[in-house]
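**Q** My structure is below; once you've seen it, I'll send some questions.
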Amino acid sequence: MTADRDRRPPPPGPVPPVGGAEEVRPLIRNHDFQTLWVSRFFAGLGKESGEVAYPLLVLFLAGSATQAGVIGSAQVATAMVAAVAGGVLADRADRRTVLLFCDLGRLALLALFALLLFTGKVTFPVIVAVAVGSSAMMGVSNPVAMASVKQLVPASQVSGAAAQNQIRFSTTTALGAPIAGSLFSLGRALPFVTEALAYLVSAALVLFIRRPMQACRAPARERWTLRGTVGGFSLLAADPILRPMILWIVGFNLAFSQSGAFLALIATAEAQGAGHVQIGLTVSLAGSGGLVGALAAGAVLRWVRPSSAFLAAAWSAPLCALGLAVAPNAVSLGVLLGLVFAVVPCVNALFYGYVAASVGDGYQGRVLGAVMFMALVSQPVGILGIGIVFDRAGPTWVFLAMAGLSALAALFTLSPVMRDLPRPEELAGT
């Protein structure tokens, strides 16, 4: 009976600071966190270049937005399922080993794919297989890396670390698109060679993280059960703050997933006659909005109420989508999409701050895996839907649909809990 209770997820509650009474140094001087950050930067740069390179390659070979949508949907669906497995591994396996396996696995896969492109032996099924395999390893590694943050920084700096992670996400988005577009114009295999090299650097940096990346992990002899695997979903559903947030995220991502929005942007720009370099720069412009928002996230977290940040993010999305429907050129599309992405980093940092403050290290991986599953669950439908609607009705109807869906999702931010959110530090007792 006691053993059964020990396997149950602990209830959300205050989490003690990492390191006890250890002196808290500025986050920028935290060697291990910064090394992990740079490692994930290179891994993210490789992943983001692929987000643009795959649809460019499919459009070049087949000229079909629907097939490009199939690639994006397959990637997201794979990452969604893999995130749950990655969450379990984050709590049960050595996190450093898992990150190394995923980075080196993607390195080998992309190197082989680049070789096939050089020899002209690539078909659509091969592209799907490579994209799915890479996404599976990305899906596993993401919750593992994010769960490690809680052990590398003190509790008082978790929100700051989450805000810095948003800078990484937005920077790789802004840089990955023009890199992929420019390299693709020089040679179809070059974006994938660059992606493989990025994973090599990422793996090497993981070896330089000195501190343990987890406080403890489930004993290897503990039997794997469905209840233990989905324990993160139970905690997520039971938390009064995390529950409405994740419901809004699901709806928002149905309309404005990065892959789906970029597919709409790329397909619309191509229909307007834009070249590969211009497309890459337009997508970079959209991603730069996220970078601006990420750079401002730390200040916003200090000065703006969490409830106001969530309301601004939720309701600006449908307004900008209406603007996209009447945008006259590719540049204006990039600017408007950039406005949507500009408000996302702050709410992402807040959300992951709430997760770190509410959940102990033994369940960080599973909760983060559940979060990533829920964040991705609506994206395959959204991405594929964008491709189908674009091919059948054109870009205007794509953006009108995005406006309607994001407006429905924004209704979750009007609940009483979301209108009076505490700061993550208050939940952690700091």
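Within each chain, counting starts at residue 1; across the structure tokens, chains are named A, B, ... in the order shown, with ligands numbered 1 upward in that order.
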Taking 2 positions as the minimum chain separation for residues in the same chain, which residues sit within 9 Å of A:Ala297 when counting only C-alpha atoms? Answer as a ChimeraX atom specification.

**A** /A:160,163-164,166-167,292-295,299-302,343,345-347,349

**Q** Name the residues in contact with stretch 308-310 of chain A at a cut-off of 8 Å, using only C-alpha atoms, excluding same-chain residues fewer than 2 positions from it; report them as a PDB file with all heavy atoms, in the first residue's frame.

**A**
```
ATOM      1  N   VAL A 304       4.616  43.833 -15.908  1.00  0.00           N
ATOM      2  CA  VAL A 304       3.241  43.632 -16.385  1.00  0.00           C
ATOM      3  C   VAL A 304       2.612  42.462 -15.626  1.00  0.00           C
ATOM      4  O   VAL A 304       3.259  41.440 -15.407  1.00  0.00           O
ATOM      5  CB  VAL A 304       3.224  43.347 -17.903  1.00  0.00           C
ATOM      6  CG1 VAL A 304       1.814  43.067 -18.390  1.00  0.00           C
ATOM      7  CG2 VAL A 304       3.832  44.521 -18.659  1.00  0.00           C
ATOM      8  N   ARG A 305       1.375  42.614 -15.233  1.00  0.00           N
ATOM      9  CA  ARG A 305       0.658  41.544 -14.557  1.00  0.00           C
ATOM     10  C   ARG A 305       0.517  40.339 -15.482  1.00  0.00           C
ATOM     11  O   ARG A 305       0.248  40.489 -16.684  1.00  0.00           O
ATOM     12  CB  ARG A 305      -0.733  42.017 -14.122  1.00  0.00           C
ATOM     13  CG  ARG A 305      -0.734  43.064 -13.019  1.00  0.00           C
ATOM     14  CD  ARG A 305      -2.145  43.549 -12.714  1.00  0.00           C
ATOM     15  NE  ARG A 305      -3.019  42.447 -12.281  1.00  0.00           N
ATOM     16  CZ  ARG A 305      -4.050  42.016 -12.996  1.00  0.00           C
ATOM     17  NH1 ARG A 305      -4.342  42.557 -14.169  1.00  0.00           N
ATOM     18  NH2 ARG A 305      -4.802  41.027 -12.529  1.00  0.00           N
ATOM     19  N   PRO A 306       0.695  39.122 -14.964  1.00  0.00           N
ATOM     20  CA  PRO A 306       0.552  37.934 -15.819  1.00  0.00           C
ATOM     21  C   PRO A 306      -0.775  37.885 -16.568  1.00  0.00           C
ATOM     22  O   PRO A 306      -0.816  37.506 -17.738  1.00  0.00           O
ATOM     23  CB  PRO A 306       0.689  36.782 -14.821  1.00  0.00           C
ATOM     24  CG  PRO A 306       1.536  37.315 -13.721  1.00  0.00           C
ATOM     25  CD  PRO A 306       1.136  38.759 -13.594  1.00  0.00           C
ATOM     26  N   ALA A 312      -3.365  40.036 -23.689  1.00  0.00           N
ATOM     27  CA  ALA A 312      -2.798  40.699 -24.862  1.00  0.00           C
ATOM     28  C   ALA A 312      -2.406  39.678 -25.923  1.00  0.00           C
ATOM     29  O   ALA A 312      -2.663  39.872 -27.125  1.00  0.00           O
ATOM     30  CB  ALA A 312      -1.587  41.530 -24.451  1.00  0.00           C
ATOM     31  N   ALA A 313      -1.790  38.571 -25.491  1.00  0.00           N
ATOM     32  CA  ALA A 313      -1.382  37.543 -26.449  1.00  0.00           C
ATOM     33  C   ALA A 313      -2.588  36.906 -27.120  1.00  0.00           C
ATOM     34  O   ALA A 313      -2.595  36.677 -28.335  1.00  0.00           O
ATOM     35  CB  ALA A 313      -0.541  36.482 -25.738  1.00  0.00           C
ATOM     36  N   ALA A 314      -3.625  36.615 -26.333  1.00  0.00           N
ATOM     37  CA  ALA A 314      -4.777  35.891 -26.862  1.00  0.00           C
ATOM     38  C   ALA A 314      -5.567  36.713 -27.873  1.00  0.00           C
ATOM     39  O   ALA A 314      -5.969  36.194 -28.928  1.00  0.00           O
ATOM     40  CB  ALA A 314      -5.681  35.454 -25.710  1.00  0.00           C
ATOM     41  N   VAL A 343       4.200  38.584 -28.890  1.00  0.00           N
ATOM     42  CA  VAL A 343       3.597  38.483 -27.558  1.00  0.00           C
ATOM     43  C   VAL A 343       3.670  37.069 -26.991  1.00  0.00           C
ATOM     44  O   VAL A 343       3.360  36.842 -25.824  1.00  0.00           O
ATOM     45  CB  VAL A 343       2.122  38.947 -27.578  1.00  0.00           C
ATOM     46  CG1 VAL A 343       2.037  40.429 -27.911  1.00  0.00           C
ATOM     47  CG2 VAL A 343       1.306  38.136 -28.575  1.00  0.00           C
ATOM     48  N   CYS A 346       6.635  35.982 -23.892  1.00  0.00           N
ATOM     49  CA  CYS A 346       6.355  36.336 -22.499  1.00  0.00           C
ATOM     50  C   CYS A 346       5.407  35.338 -21.857  1.00  0.00           C
ATOM     51  O   CYS A 346       5.646  34.871 -20.732  1.00  0.00           O
ATOM     52  CB  CYS A 346       5.784  37.743 -22.429  1.00  0.00           C
ATOM     53  SG  CYS A 346       5.421  38.275 -20.734  1.00  0.00           S
ATOM     54  N   VAL A 347       4.332  34.974 -22.545  1.00  0.00           N
ATOM     55  CA  VAL A 347       3.380  34.038 -21.948  1.00  0.00           C
ATOM     56  C   VAL A 347       3.974  32.640 -21.875  1.00  0.00           C
ATOM     57  O   VAL A 347       3.667  31.872 -20.955  1.00  0.00           O
ATOM     58  CB  VAL A 347       2.035  34.042 -22.707  1.00  0.00           C
ATOM     59  CG1 VAL A 347       1.343  35.379 -22.560  1.00  0.00           C
ATOM     60  CG2 VAL A 347       2.210  33.704 -24.179  1.00  0.00           C
ATOM     61  N   THR A 413      -9.148  32.700 -21.895  1.00  0.00           N
ATOM     62  CA  THR A 413      -8.424  33.664 -21.053  1.00  0.00           C
ATOM     63  C   THR A 413      -9.371  34.551 -20.252  1.00  0.00           C
ATOM     64  O   THR A 413      -8.909  35.373 -19.459  1.00  0.00           O
ATOM     65  CB  THR A 413      -7.518  34.555 -21.923  1.00  0.00           C
ATOM     66  OG1 THR A 413      -8.314  35.350 -22.813  1.00  0.00           O
ATOM     67  CG2 THR A 413      -6.546  33.714 -22.726  1.00  0.00           C
ATOM     68  N   MET A 418      -7.812  33.094 -14.819  1.00  0.00           N
ATOM     69  CA  MET A 418      -6.897  33.755 -15.747  1.00  0.00           C
ATOM     70  C   MET A 418      -6.926  35.270 -15.596  1.00  0.00           C
ATOM     71  O   MET A 418      -5.975  35.950 -15.985  1.00  0.00           O
ATOM     72  CB  MET A 418      -7.261  33.373 -17.189  1.00  0.00           C
ATOM     73  CG  MET A 418      -6.994  31.925 -17.534  1.00  0.00           C
ATOM     74  SD  MET A 418      -5.234  31.556 -17.648  1.00  0.00           S
ATOM     75  CE  MET A 418      -4.816  32.320 -19.212  1.00  0.00           C
ATOM     76  N   ARG A 419      -7.997  35.812 -15.021  1.00  0.00           N
ATOM     77  CA  ARG A 419      -8.076  37.259 -14.840  1.00  0.00           C
ATOM     78  C   ARG A 419      -7.363  37.726 -13.579  1.00  0.00           C
ATOM     79  O   ARG A 419      -7.201  38.929 -13.370  1.00  0.00           O
ATOM     80  CB  ARG A 419      -9.545  37.701 -14.800  1.00  0.00           C
ATOM     81  CG  ARG A 419     -10.269  37.559 -16.132  1.00  0.00           C
ATOM     82  CD  ARG A 419     -11.496  38.461 -16.193  1.00  0.00           C
ATOM     83  NE  ARG A 419     -12.390  38.235 -15.066  1.00  0.00           N
ATOM     84  CZ  ARG A 419     -13.425  37.401 -15.077  1.00  0.00           C
ATOM     85  NH1 ARG A 419     -13.668  36.683 -16.165  1.00  0.00           N
ATOM     86  NH2 ARG A 419     -14.205  37.269 -14.028  1.00  0.00           N
TER      87      ARG A 419
END
```

**Q** Which residue is closest to A:Val355? Choose from A:Ala403, A:Val283, A:Val158, A:Ala177 and count only C-alpha atoms.

**A**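 Nearest candidate to A:Val355 out of A:Ala403, A:Val283, A:Val158, A:Ala177: A:Val158.
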
**Q** At what distance in Å, to one decimal, does atom CA of A:Ala407 lie from atom CA of A:Ala255?

**A** 9.5 Å

**Q** What is the distance, in Å and to one decimal place, between atom CA of A:Leu197 and atom CA of A:Gly46?

**A**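 Those two atoms sit 8.1 Å apart.
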